[in-house]
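> Let me give you the structure first, and then I'll get to my questions.
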Amino acid sequence: MCPCNYSAIELKILNVALPLSLRHNCKKTAVICVFLFNNAILGLWTHNNSSKLNKLEQTQTFMMNFGPQHPASHGVLRFVLQLEGEYIRHADANIGFLHRGTEKLIEQRTYLKSLPYFDRLDYVSMMSQEHAYCLAIENLLGSSTFTSFFVQVRALFDELTRLMNHFLGISTHSLDVGNMSPAFWAFEERERLMEFYERVSGARMHAAFYRPNDLDWTGLNYQFFIDLLFFLNNTYKSITEMFVILATNNIWRSRLVRIGVVDNAQVPLFAASGVVSRSAGFKKDLRILKTSTYSYYWFLKLRSFLGKMGDCYDRFIIRIREMLESVFIIYQIISNLLVVFESTTALPFWYNTESYVSATFTKSQFNKKSTSMEALITHFKHYSEGIKVPAGLVYQSVEAPKGEFGVSLISDGSSKPFRCKIRTPAYHHLQFMSSQIRGHFFADMITILGSQDIVFGEVIRQ
């Protein structure tokens with residue numbers, strides 16, 4: 001800057017104090033001018049002062065451990081956070097606090113005895129994981145079917161499991177953010193859903209209900225489906241009340257809108273699936289894709305929902321819509337099944353089942369195990385030695401409530417799987433949590449973690 005507006009006397013004074021190398025001729029005036037911001041003349045700041053100013057401009061960061069003791073860390077998650085004030089500059093997820101050895105335990109047991117381990121991975125959506133394992137075994141046996149009665153019952157319980165998962169996911173998410181009301185509706189509905197689990201399997205959570213090429217029919221009767229219809233009428237009201245009290249809450253919206261945005265390009269890079277991928281507008285739902293459909297879903301009318309922003313609020317809305325869609329799907333399946341069920345017998349075709357049951361899994365007749373020695377021996381050998389599955393490699397996945405849950409099985413022709421590798425959605429969603437929460441407030445990290453709906457039983461499974 002040239003001080004051409006200064007008076008001639010001021011410029012001459014500056015000229016005396018300035019070395020010749022710093023002078024220059026100004027075209028506007030006849031006198032020699034100097035730069036006002038020259039450090040030697042004005043002394044506005046020195047090199048030492050500038051370093052002090054830079055130190056003032058920089059905020060000191062510090063490291064903080066979040067979890068695994070914190071109640072909002074979903075059990076055994078530990079985040080090592082680099083905080084700048086309340087902003088998160090960097091986050092490292094540590095997940096090695098839960099050692100279960102599920103995959104190796106499965107490889108040491110027969111196929112049927114390995115089934116209960118899948119209930120204990122994601123202990124919020126149990127039967128969906130059993131379904132993937134049974135489909136993988138059926139694929140190895142070459143006995144897959146899409147239209148049988150037991151397949152329809154599987155689809156029914158998959159949607160009941162989806163309701164259980166989303167009830168818990170939305171209610172605990174709202175508790176993390178600070179809203180307590182939805183938890184009362186959600187846990188009441190979950191108790192009723194667990195009663196249906198208990199009626200068909202005897203267990204409220206870890207059902208072990210599905211079987212390869214079959215399921216346990218003893219708890220299913222006409223009254224079961226009638227009670228289920230009454231439940232669906234009531235749960236529709238509870239879902240609506242949860243949605244209204246949250247969607248009309250300004251605090252809830254301000255804590256979720258534009259928080260934890262997932263980009264559409266990130267979804268395939270991080271192998272995201274389920275609600276997380278669909279919130280970013282990525283069209284992937286294994287139930288309706290032609291290349292990956294399974295069970296009875298191809299013959300049902302269902303919709304899958306996409307988000308626009310990819311933020312936490314989109315994920316909340318999609319889960320609410322999926323719950324309502326699950327109710328609609330269960331209505332369709334019950335209308336098909338009530339035709340074959342009667343009020344007095346468990347199954348009218350108990351003794352002459354359909355031809356879909358594979359010869360490998362032909363069971364001894366239910367009423368002869370206590371009267372026939374041969375039937376009892378067959379039953380004992382079937383459940384103690386296991387069934388030899390043909391050698392091969394298969395990967396089978398289902399659309400679990402949290403995303404794509406897959407099972408890879410390698411069979412060597414024996415009654416035990418040679419290798420079992422499980423693909424869980426929460427493990428992949430944790431991968432981009434670090435990039436997703438960077439730049440947010442510390443309080444927003446709880447919101448993002450709750451919207452991911454992560455259960456650590458399925459994350460740490462080795």
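Letters A, B, ... mark the chains of the structure tokens in the order given; residue numbers begin at 1 per chain; ligand numbers begin at 1, in order shown.
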Tell me, as a PDB file with C-alpha atoms, in the first residue's frame, which residues lie within 10 Å of Phe224 in chain A, counting only C-alpha atoms; anything in the same chain fewer than 5 positions away does not count.

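Writing done, so here's part-v8.pdb:
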ATOM      1  CA  PHE A 196     -45.239 -64.955  20.234  1.00  0.00           C
ATOM      2  CA  ARG A 199     -45.431 -69.666  22.125  1.00  0.00           C
ATOM      3  CA  VAL A 200     -43.657 -71.246  19.166  1.00  0.00           C
ATOM      4  CA  GLY A 219     -46.517 -74.157  18.660  1.00  0.00           C
ATOM      5  CA  LEU A 229     -54.059 -60.300  14.049  1.00  0.00           C
ATOM      6  CA  SER A 343     -58.903 -74.487  15.198  1.00  0.00           C
TER       7      SER A 343
END
> Hey, what does DSSP flag as helix (DSSP H, G or I) within range 86-231 of chain A? Can you give it to me as a PyMOL selection string?
chain A and resi 102-107+115-120+126-141+149-177+181-201+222-231
> Could you pull the residues within 10 Å of Gln266 in chain A, counting only C-alpha atoms, minus those fewer than 3 positions along the same chain, as number ranges by chain?
A: 262-263, 269-272, 277, 280, 282, 432
> Give me the residues near range 136-151 of chain A as a ChimeraX atom specification, where near means some atom within 7 Å (using only C-alpha atoms) and where sequence neighbours in that chain fewer than 3 positions away do not count.
/A:132-133,154-155,212-215,294-296,358,389-390,392,394-396,407,409
> Using CA of Ser304 in chain A and CA of Val398 in chain A as the two end points, give the distance in Å to one decimal.
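Distance between the two atoms: 14.6 Å.
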> Find the spatial neighbours of Val267 in chain A, counting only C-alpha atoms, within a cut-off of 12 Å - ignore same-chain residues fewer than 6 positions away - and output them as a ChimeraX atom specification.
/A:261,273-284,310,428-429,431-432,436
> With a distance cut-off of 7 Å and only C-alpha atoms, select the neighbouring residues of range 109-111 of chain A, excluding the residue or stretch itself and same-chain residues fewer than 4 positions from it, and output the selection as an mmCIF file with C-alpha atoms, in the first residue's frame.

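Once written, result21.cif looks like this:
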data_model
loop_
_atom_site.group_PDB
_atom_site.id
_atom_site.type_symbol
_atom_site.label_atom_id
_atom_site.label_comp_id
_atom_site.auth_asym_id
_atom_site.auth_seq_id
_atom_site.Cartn_x
_atom_site.Cartn_y
_atom_site.Cartn_z
ATOM 1 C CA LEU A 105 -17.603 -72.980 17.766
ATOM 2 C CA LEU A 115 -28.177 -73.104 14.792
ATOM 3 C CA GLY A 386 -26.025 -85.070 12.272
ATOM 4 C CA SER A 415 -21.827 -83.510 9.260
ATOM 5 C CA LYS A 416 -19.897 -80.423 10.412
ATOM 6 C CA PRO A 417 -19.117 -77.267 8.430
#
> Nearest to His166 in chain A: which of A:Met242, A:Ala375, A:Leu83, A:Met180 is it, counting only C-alpha atoms?
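The answer is A:Met242, which sits nearest to His166 in chain A.
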> Between CA of Pro182 in chain A and CA of Glu241 in chain A, what is the distance, to one decimal in Å?
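Value for the CA of Pro182 in chain A-CA of Glu241 in chain A distance: 8.2 Å.
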> Just how far from CA of Val124 in chain A is CA of His206 in chain A, in Å to one decimal?
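Value for the CA of His206 in chain A-CA of Val124 in chain A distance: 9.5 Å.
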> Would you pick out the contacts of Ile170 in chain A at 12 Å or less, using only C-alpha atoms, so that residues sharing its chain but fewer than 3 positions from it are not included, and give the list as a PyMOL selection string?
chain A and resi 163-167+173-177+179-187+239+242-243+246+252+312-313+315-320+323+447+449-454
> Would you mind telling me which residue in A:Arg303, A:Arg162, A:Arg204, A:Arg255 lies nearest to Ala443 in chain A when using only C-alpha atoms?
A:Arg255
> Running DSSP on the backbone, which parts of range 34-218 of chain A land in strand (DSSP E or B), as a list in words?
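Reading the DSSP output for range 34-218 of chain A, strand (DSSP E or B) covers Phe62, Met63, Met64, Asn65, Phe66, Arg78, Phe79, Val80, Leu81, Gln82, Leu83, Glu84, Tyr87, Ile88, Arg89, His90, Ala91, Asp92, Ala93, Asn94, Tyr210, Arg211, Asp214 and Leu215 of chain A.
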> Mind writing the picked residues with N, CA, C and O atoms as a CSV table (one decimal), in the first residue's frame?

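Dumped everything to part_18.csv:
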chain,number,residue,atom,x,y,z
A,62,PHE,N,-7.2,-32.3,22.5
A,62,PHE,CA,-6.9,-33.3,23.6
A,62,PHE,C,-7.6,-34.6,23.2
A,62,PHE,O,-8.6,-34.6,22.5
A,63,MET,N,-7.1,-35.7,23.8
A,63,MET,CA,-7.7,-37.0,23.5
A,63,MET,C,-8.6,-37.4,24.6
A,63,MET,O,-8.3,-37.1,25.8
A,64,MET,N,-9.7,-38.1,24.3
A,64,MET,CA,-10.6,-38.6,25.3
A,64,MET,C,-11.1,-39.9,24.9
A,64,MET,O,-11.4,-40.2,23.7
A,65,ASN,N,-11.3,-40.8,25.8
A,65,ASN,CA,-11.9,-42.1,25.6
A,65,ASN,C,-13.4,-42.1,25.9
A,65,ASN,O,-13.8,-41.6,26.9
A,66,PHE,N,-14.1,-42.5,24.9
A,66,PHE,CA,-15.6,-42.7,25.0
A,66,PHE,C,-15.9,-44.2,25.1
A,66,PHE,O,-15.7,-44.9,24.1
A,78,ARG,N,-15.4,-48.7,22.1
A,78,ARG,CA,-14.5,-47.7,22.6
A,78,ARG,C,-14.1,-46.8,21.5
A,78,ARG,O,-13.6,-47.2,20.5
A,79,PHE,N,-14.4,-45.5,21.7
A,79,PHE,CA,-13.9,-44.5,20.7
A,79,PHE,C,-12.8,-43.7,21.3
A,79,PHE,O,-13.0,-43.1,22.5
A,80,VAL,N,-11.7,-43.5,20.6
A,80,VAL,CA,-10.6,-42.6,21.0
A,80,VAL,C,-10.8,-41.4,20.2
A,80,VAL,O,-10.6,-41.4,19.0
A,81,LEU,N,-11.2,-40.3,20.9
A,81,LEU,CA,-11.6,-39.1,20.2
A,81,LEU,C,-10.5,-38.0,20.4
A,81,LEU,O,-10.0,-37.8,21.5
A,82,GLN,N,-10.3,-37.3,19.3
A,82,GLN,CA,-9.4,-36.1,19.3
A,82,GLN,C,-10.4,-34.9,19.2
A,82,GLN,O,-11.0,-34.7,18.2
A,83,LEU,N,-10.5,-34.2,20.3
A,83,LEU,CA,-11.5,-33.1,20.4
A,83,LEU,C,-10.8,-31.8,20.3
A,83,LEU,O,-9.7,-31.6,20.9
A,84,GLU,N,-11.4,-30.9,19.6
A,84,GLU,CA,-11.0,-29.5,19.6
A,84,GLU,C,-12.1,-28.7,20.2
A,84,GLU,O,-13.1,-28.3,19.5
A,87,TYR,N,-15.7,-29.9,19.3
A,87,TYR,CA,-15.7,-30.5,17.9
A,87,TYR,C,-14.8,-31.7,17.9
A,87,TYR,O,-13.8,-31.8,18.5
A,88,ILE,N,-15.3,-32.7,17.1
A,88,ILE,CA,-14.5,-33.9,16.9
A,88,ILE,C,-13.6,-33.8,15.7
A,88,ILE,O,-14.1,-33.6,14.5
A,89,ARG,N,-12.3,-33.8,15.9
A,89,ARG,CA,-11.4,-33.7,14.7
A,89,ARG,C,-11.1,-35.1,14.2
A,89,ARG,O,-10.9,-35.3,13.0
A,90,HIS,N,-11.0,-36.1,15.0
A,90,HIS,CA,-10.7,-37.5,14.6
A,90,HIS,C,-11.3,-38.4,15.6
A,90,HIS,O,-11.4,-38.1,16.8
A,91,ALA,N,-11.6,-39.6,15.1
A,91,ALA,CA,-12.2,-40.7,16.0
A,91,ALA,C,-11.7,-42.0,15.5
A,91,ALA,O,-11.7,-42.3,14.3
A,92,ASP,N,-11.3,-42.8,16.5
A,92,ASP,CA,-10.8,-44.2,16.3
A,92,ASP,C,-11.7,-45.1,17.0
A,92,ASP,O,-11.9,-45.0,18.2
A,93,ALA,N,-12.2,-46.1,16.3
A,93,ALA,CA,-13.1,-47.1,16.9
A,93,ALA,C,-12.3,-48.3,17.3
A,93,ALA,O,-11.7,-48.9,16.4
A,94,ASN,N,-12.4,-48.7,18.5
A,94,ASN,CA,-11.8,-49.9,19.0
A,94,ASN,C,-12.9,-50.9,19.4
A,94,ASN,O,-13.7,-50.6,20.2
A,210,TYR,N,-36.2,-72.0,13.6
A,210,TYR,CA,-36.0,-72.5,12.2
A,210,TYR,C,-35.2,-73.8,12.1
A,210,TYR,O,-34.4,-74.1,13.0
A,211,ARG,N,-35.5,-74.6,11.1
A,211,ARG,CA,-34.8,-75.8,10.8
A,211,ARG,C,-34.5,-75.8,9.3
A,211,ARG,O,-35.2,-75.3,8.5
A,214,ASP,N,-37.3,-77.0,7.1
A,214,ASP,CA,-38.5,-77.1,8.0
A,214,ASP,C,-38.4,-76.1,9.1
A,214,ASP,O,-37.5,-75.3,9.2
A,215,LEU,N,-39.4,-76.2,10.0
A,215,LEU,CA,-39.4,-75.5,11.2
A,215,LEU,C,-40.2,-76.2,12.3
A,215,LEU,O,-40.8,-77.3,12.0
> With distances taken over only C-alpha atoms, which residue among A:Ile333, A:Gln152, A:Asn264, A:Val455 lies nearest Met309 in chain A?
A:Asn264
> I'd like to know which of A:Cys134, A:Val257, A:Ile387, A:Ile446 is closest to Gly178 in chain A, using only C-alpha atoms.
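That would be A:Ile446, the residue with the smallest distance to Gly178 in chain A.
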> Which one of A:Thr424, A:Ser292, A:Ser434, A:Ser326 sits closest to Tyr236 in chain A if you count only C-alpha atoms?
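Checking each candidate against Tyr236 in chain A, we get A:Ser326 as the closest.
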> Using only C-alpha atoms, which of the listed residues (A:Val327, A:Leu338, A:Leu300, A:Met433) sits closest to Lys237 in chain A?
A:Val327
